[in-house]
Amino acid sequence: MTRWVKNLLIANVGMYFVQQTMPGVTDTLMFVPVLALARPWSIITYMFLHGSITHILFNMIGLFFFGPRVEQRLGASRFLWLYFLSGISGALLHLWLAPHSPIIGASAAIYGVVLAFARFWPTDKIYIWGVLPLEARWLVIITIVWAIYSGLNGSTGGVADFAHLGGYIGAYLYLRWLEETKGSKRFRELAVSAPPDRQLSNWKRVNLQSVHELNRDEVNRILDKISASGLGSLTPQEKQFLSNFVPPDDRVTPAS
């Protein structure tokens, strides 16, 4: 498990136990749209509160399964930005579309993590209830359609559908911003400044046993692609991803 996924799990579970022993905490920290200006902290704190054991259980299962791979792909700081911006955008959309309904829960933040997972690994299978296989991209599409339908029909069952949608929107905008201002530019620079035979010349020595199991399939796919078509067939993103697993001591320093 990655560092911040573990810390967020601990924080959420810890706050749930605090809620059980100090009921007033929930009223103080929940996000109440009409009190948003008077209680600005609640746009953050509401993410760490849950209404029932099943509520926190499903949210933490989502964080546990999707979070580590996304955190490893984005890095710790960007993962935290993704998580909190998704939660904040969820609260803001809820404020706009359902201003009279207080909300609690990490769902909007978790939905942002799920969107990032589906963006990076769209065809990976997710097993609903451990049985029904569904590609990650279809999981996102189905939950978006359902959230819109349910939200427009009153969001029965106490589900904050607009907050879920807001989590998706916030995550999408943040990931696009990363791609436009950070990722694509950096990938292009790396591809130009470091020829494949210098950047990844020791790709055959990647130790798959040391690769986290959540990344192993992707590393295997890229290695198979190199074997079949050569280093030149990799996209800049694939080169950057694989470079994380090339043994550091064996990397070749480009000549100046």
# chains A, B, ... in the order shown; residues from 1 in each chain; ligands from 1
>>> select_by_dssp(residues="range 54-244 of chain A", states="alpha helix (DSSP H)", output="PyMOL selection string")
chain A and resi 54-74+76-97+107-120+136-152+161-178+184-193+196-199+213-229+236-243
>>> write_last_selection(atoms="C-alpha atoms", output="short mmCIF file (atom, residue, chain, number, x, y, z; two decimals), in the first residue's frame")
data_model
loop_
_atom_site.label_atom_id
_atom_site.label_comp_id
_atom_site.auth_asym_id
_atom_site.auth_seq_id
_atom_site.Cartn_x
_atom_site.Cartn_y
_atom_site.Cartn_z
CA THR A 54 -21.34 0.45 5.03
CA HIS A 55 -20.78 4.04 3.91
CA ILE A 56 -17.17 4.11 5.08
CA LEU A 57 -16.58 0.48 4.09
CA PHE A 58 -17.41 1.00 0.40
CA ASN A 59 -15.49 4.26 0.21
CA MET A 60 -12.39 2.78 1.80
CA ILE A 61 -12.56 -0.31 -0.42
CA GLY A 62 -12.53 2.03 -3.42
CA LEU A 63 -9.55 3.94 -2.04
CA PHE A 64 -7.71 0.72 -1.20
CA PHE A 65 -8.11 -0.83 -4.66
CA PHE A 66 -7.79 2.21 -6.93
CA GLY A 67 -5.65 4.57 -4.88
CA PRO A 68 -2.21 2.86 -4.75
CA ARG A 69 -1.85 2.50 -8.49
CA VAL A 70 -2.96 6.09 -9.11
CA GLU A 71 -0.63 7.41 -6.41
CA GLN A 72 2.31 5.53 -7.90
CA ARG A 73 1.49 6.86 -11.35
CA LEU A 74 1.00 10.51 -10.32
CA ALA A 76 2.41 11.52 -3.76
CA SER A 77 1.85 15.28 -3.98
CA ARG A 78 -0.19 15.16 -7.19
CA PHE A 79 -2.25 12.29 -5.82
CA LEU A 80 -3.16 14.42 -2.79
CA TRP A 81 -4.08 17.35 -5.04
CA LEU A 82 -6.27 15.02 -7.09
CA TYR A 83 -7.96 13.64 -3.97
CA PHE A 84 -8.72 16.96 -2.29
CA LEU A 85 -9.61 18.88 -5.46
CA SER A 86 -12.09 16.14 -6.34
CA GLY A 87 -13.65 16.36 -2.89
CA ILE A 88 -13.80 20.16 -3.02
CA SER A 89 -15.29 20.24 -6.51
CA GLY A 90 -17.85 17.69 -5.37
CA ALA A 91 -18.91 19.98 -2.54
CA LEU A 92 -19.07 23.00 -4.86
CA LEU A 93 -21.27 21.28 -7.44
CA HIS A 94 -23.50 20.04 -4.63
CA LEU A 95 -23.68 23.60 -3.28
CA TRP A 96 -24.85 24.82 -6.66
CA LEU A 97 -27.37 22.09 -7.48
CA SER A 107 -17.21 9.62 -2.12
CA ALA A 108 -16.44 12.66 -4.30
CA ALA A 109 -12.72 12.32 -3.60
CA ILE A 110 -12.84 8.57 -4.27
CA TYR A 111 -14.72 9.14 -7.52
CA GLY A 112 -11.88 11.43 -8.58
CA VAL A 113 -9.38 8.64 -7.91
CA VAL A 114 -11.54 6.21 -9.90
CA LEU A 115 -11.63 8.62 -12.84
CA ALA A 116 -7.83 8.88 -12.78
CA PHE A 117 -7.57 5.09 -12.74
CA ALA A 118 -9.91 4.80 -15.72
CA ARG A 119 -8.00 7.50 -17.59
CA PHE A 120 -4.66 5.72 -17.17
CA ALA A 136 -12.76 0.80 -15.82
CA ARG A 137 -13.93 3.26 -18.48
CA TRP A 138 -17.40 1.70 -18.50
CA LEU A 139 -17.57 1.85 -14.72
CA VAL A 140 -17.05 5.62 -14.95
CA ILE A 141 -19.54 6.07 -17.78
CA ILE A 142 -22.25 4.03 -16.03
CA THR A 143 -21.80 5.84 -12.72
CA ILE A 144 -21.91 9.23 -14.46
CA VAL A 145 -25.17 8.35 -16.23
CA TRP A 146 -26.66 6.99 -13.03
CA ALA A 147 -25.61 10.02 -10.97
CA ILE A 148 -27.21 12.39 -13.49
CA TYR A 149 -30.42 10.36 -13.63
CA SER A 150 -30.62 9.91 -9.87
CA GLY A 151 -29.68 13.52 -9.12
CA LEU A 152 -32.34 14.90 -11.44
CA ASP A 161 -25.19 12.30 -6.67
CA PHE A 162 -24.14 15.84 -7.62
CA ALA A 163 -21.14 15.59 -5.30
CA HIS A 164 -20.11 12.43 -7.11
CA LEU A 165 -20.39 14.22 -10.44
CA GLY A 166 -18.41 17.12 -9.02
CA GLY A 167 -15.66 14.71 -8.00
CA TYR A 168 -15.42 13.44 -11.55
CA ILE A 169 -15.37 16.97 -12.96
CA GLY A 170 -12.66 18.15 -10.58
CA ALA A 171 -10.48 15.13 -11.28
CA TYR A 172 -10.90 15.48 -15.04
CA LEU A 173 -9.96 19.17 -15.02
CA TYR A 174 -6.94 18.54 -12.80
CA LEU A 175 -5.66 15.68 -14.95
CA ARG A 176 -6.11 17.75 -18.09
CA TRP A 177 -4.22 20.60 -16.47
CA LEU A 178 -1.38 18.23 -15.57
CA SER A 184 2.95 16.35 -22.14
CA LYS A 185 5.62 19.04 -22.12
CA ARG A 186 7.92 17.00 -19.88
CA PHE A 187 7.36 13.82 -21.88
CA ARG A 188 8.21 15.63 -25.12
CA GLU A 189 11.38 17.09 -23.62
CA LEU A 190 12.50 13.70 -22.35
CA ALA A 191 11.84 12.06 -25.69
CA VAL A 192 13.93 14.67 -27.52
CA SER A 193 16.81 14.95 -25.05
CA PRO A 196 15.72 5.49 -26.41
CA ASP A 197 18.98 3.49 -26.42
CA ARG A 198 20.41 5.80 -23.76
CA GLN A 199 17.32 6.43 -21.71
CA GLU A 213 1.78 -5.83 -8.44
CA LEU A 214 -0.55 -3.00 -9.43
CA ASN A 215 2.00 -1.81 -12.02
CA ARG A 216 3.31 -5.21 -13.10
CA ASP A 217 0.85 -5.77 -15.94
CA GLU A 218 1.61 -2.38 -17.46
CA VAL A 219 5.38 -2.94 -17.21
CA ASN A 220 4.98 -6.38 -18.82
CA ARG A 221 2.92 -4.88 -21.63
CA ILE A 222 5.58 -2.26 -22.37
CA LEU A 223 8.40 -4.82 -22.23
CA ASP A 224 6.50 -7.06 -24.64
CA LYS A 225 6.02 -4.08 -26.95
CA ILE A 226 9.78 -3.39 -26.92
CA SER A 227 10.53 -7.05 -27.64
CA ALA A 228 8.16 -7.03 -30.59
CA SER A 229 8.80 -3.60 -32.09
CA PRO A 236 6.83 9.31 -24.60
CA GLN A 237 4.44 8.39 -21.78
CA GLU A 238 5.46 4.73 -21.94
CA LYS A 239 9.16 5.67 -21.89
CA GLN A 240 8.66 7.86 -18.85
CA PHE A 241 6.64 5.19 -17.04
CA LEU A 242 9.15 2.42 -17.76
CA SER A 243 12.09 4.58 -16.72
#
>>> select_by_dssp(residues="range 87-210 of chain A", states="strand (DSSP E)", output="ChimeraX atom specification")
/A:125-128,132-135
>>> residues_around(residues="Tyr16 in chain A", least_positions_apart="3", cutoff="10 Å", atoms="only C-alpha atoms", output="PyMOL selection string")
chain A and resi 10-13+19-22+26+48-53+56
>>> closest_residue(among="A:Leu35, A:Ser101, A:Pro247, A:Leu234", to="Gly154 in chain A", atoms="only C-alpha atoms")
A:Ser101
>>> atom_distance(atom1="CA of Asn202 in chain A", atom2="CA of Ser233 in chain A")
16.1 Å
>>> atom_distance(atom1="CA of Met47 in chain A", atom2="CA of Met1 in chain A")
20.7 Å
>>> atom_distance(atom1="CA of Tyr46 in chain A", atom2="CA of Ala160 in chain A")
12.3 Å
>>> closest_residue(among="A:Trp41, A:Tyr127, A:Trp203, A:Phe31", to="Ile104 in chain A", atoms="only C-alpha atoms")
A:Phe31
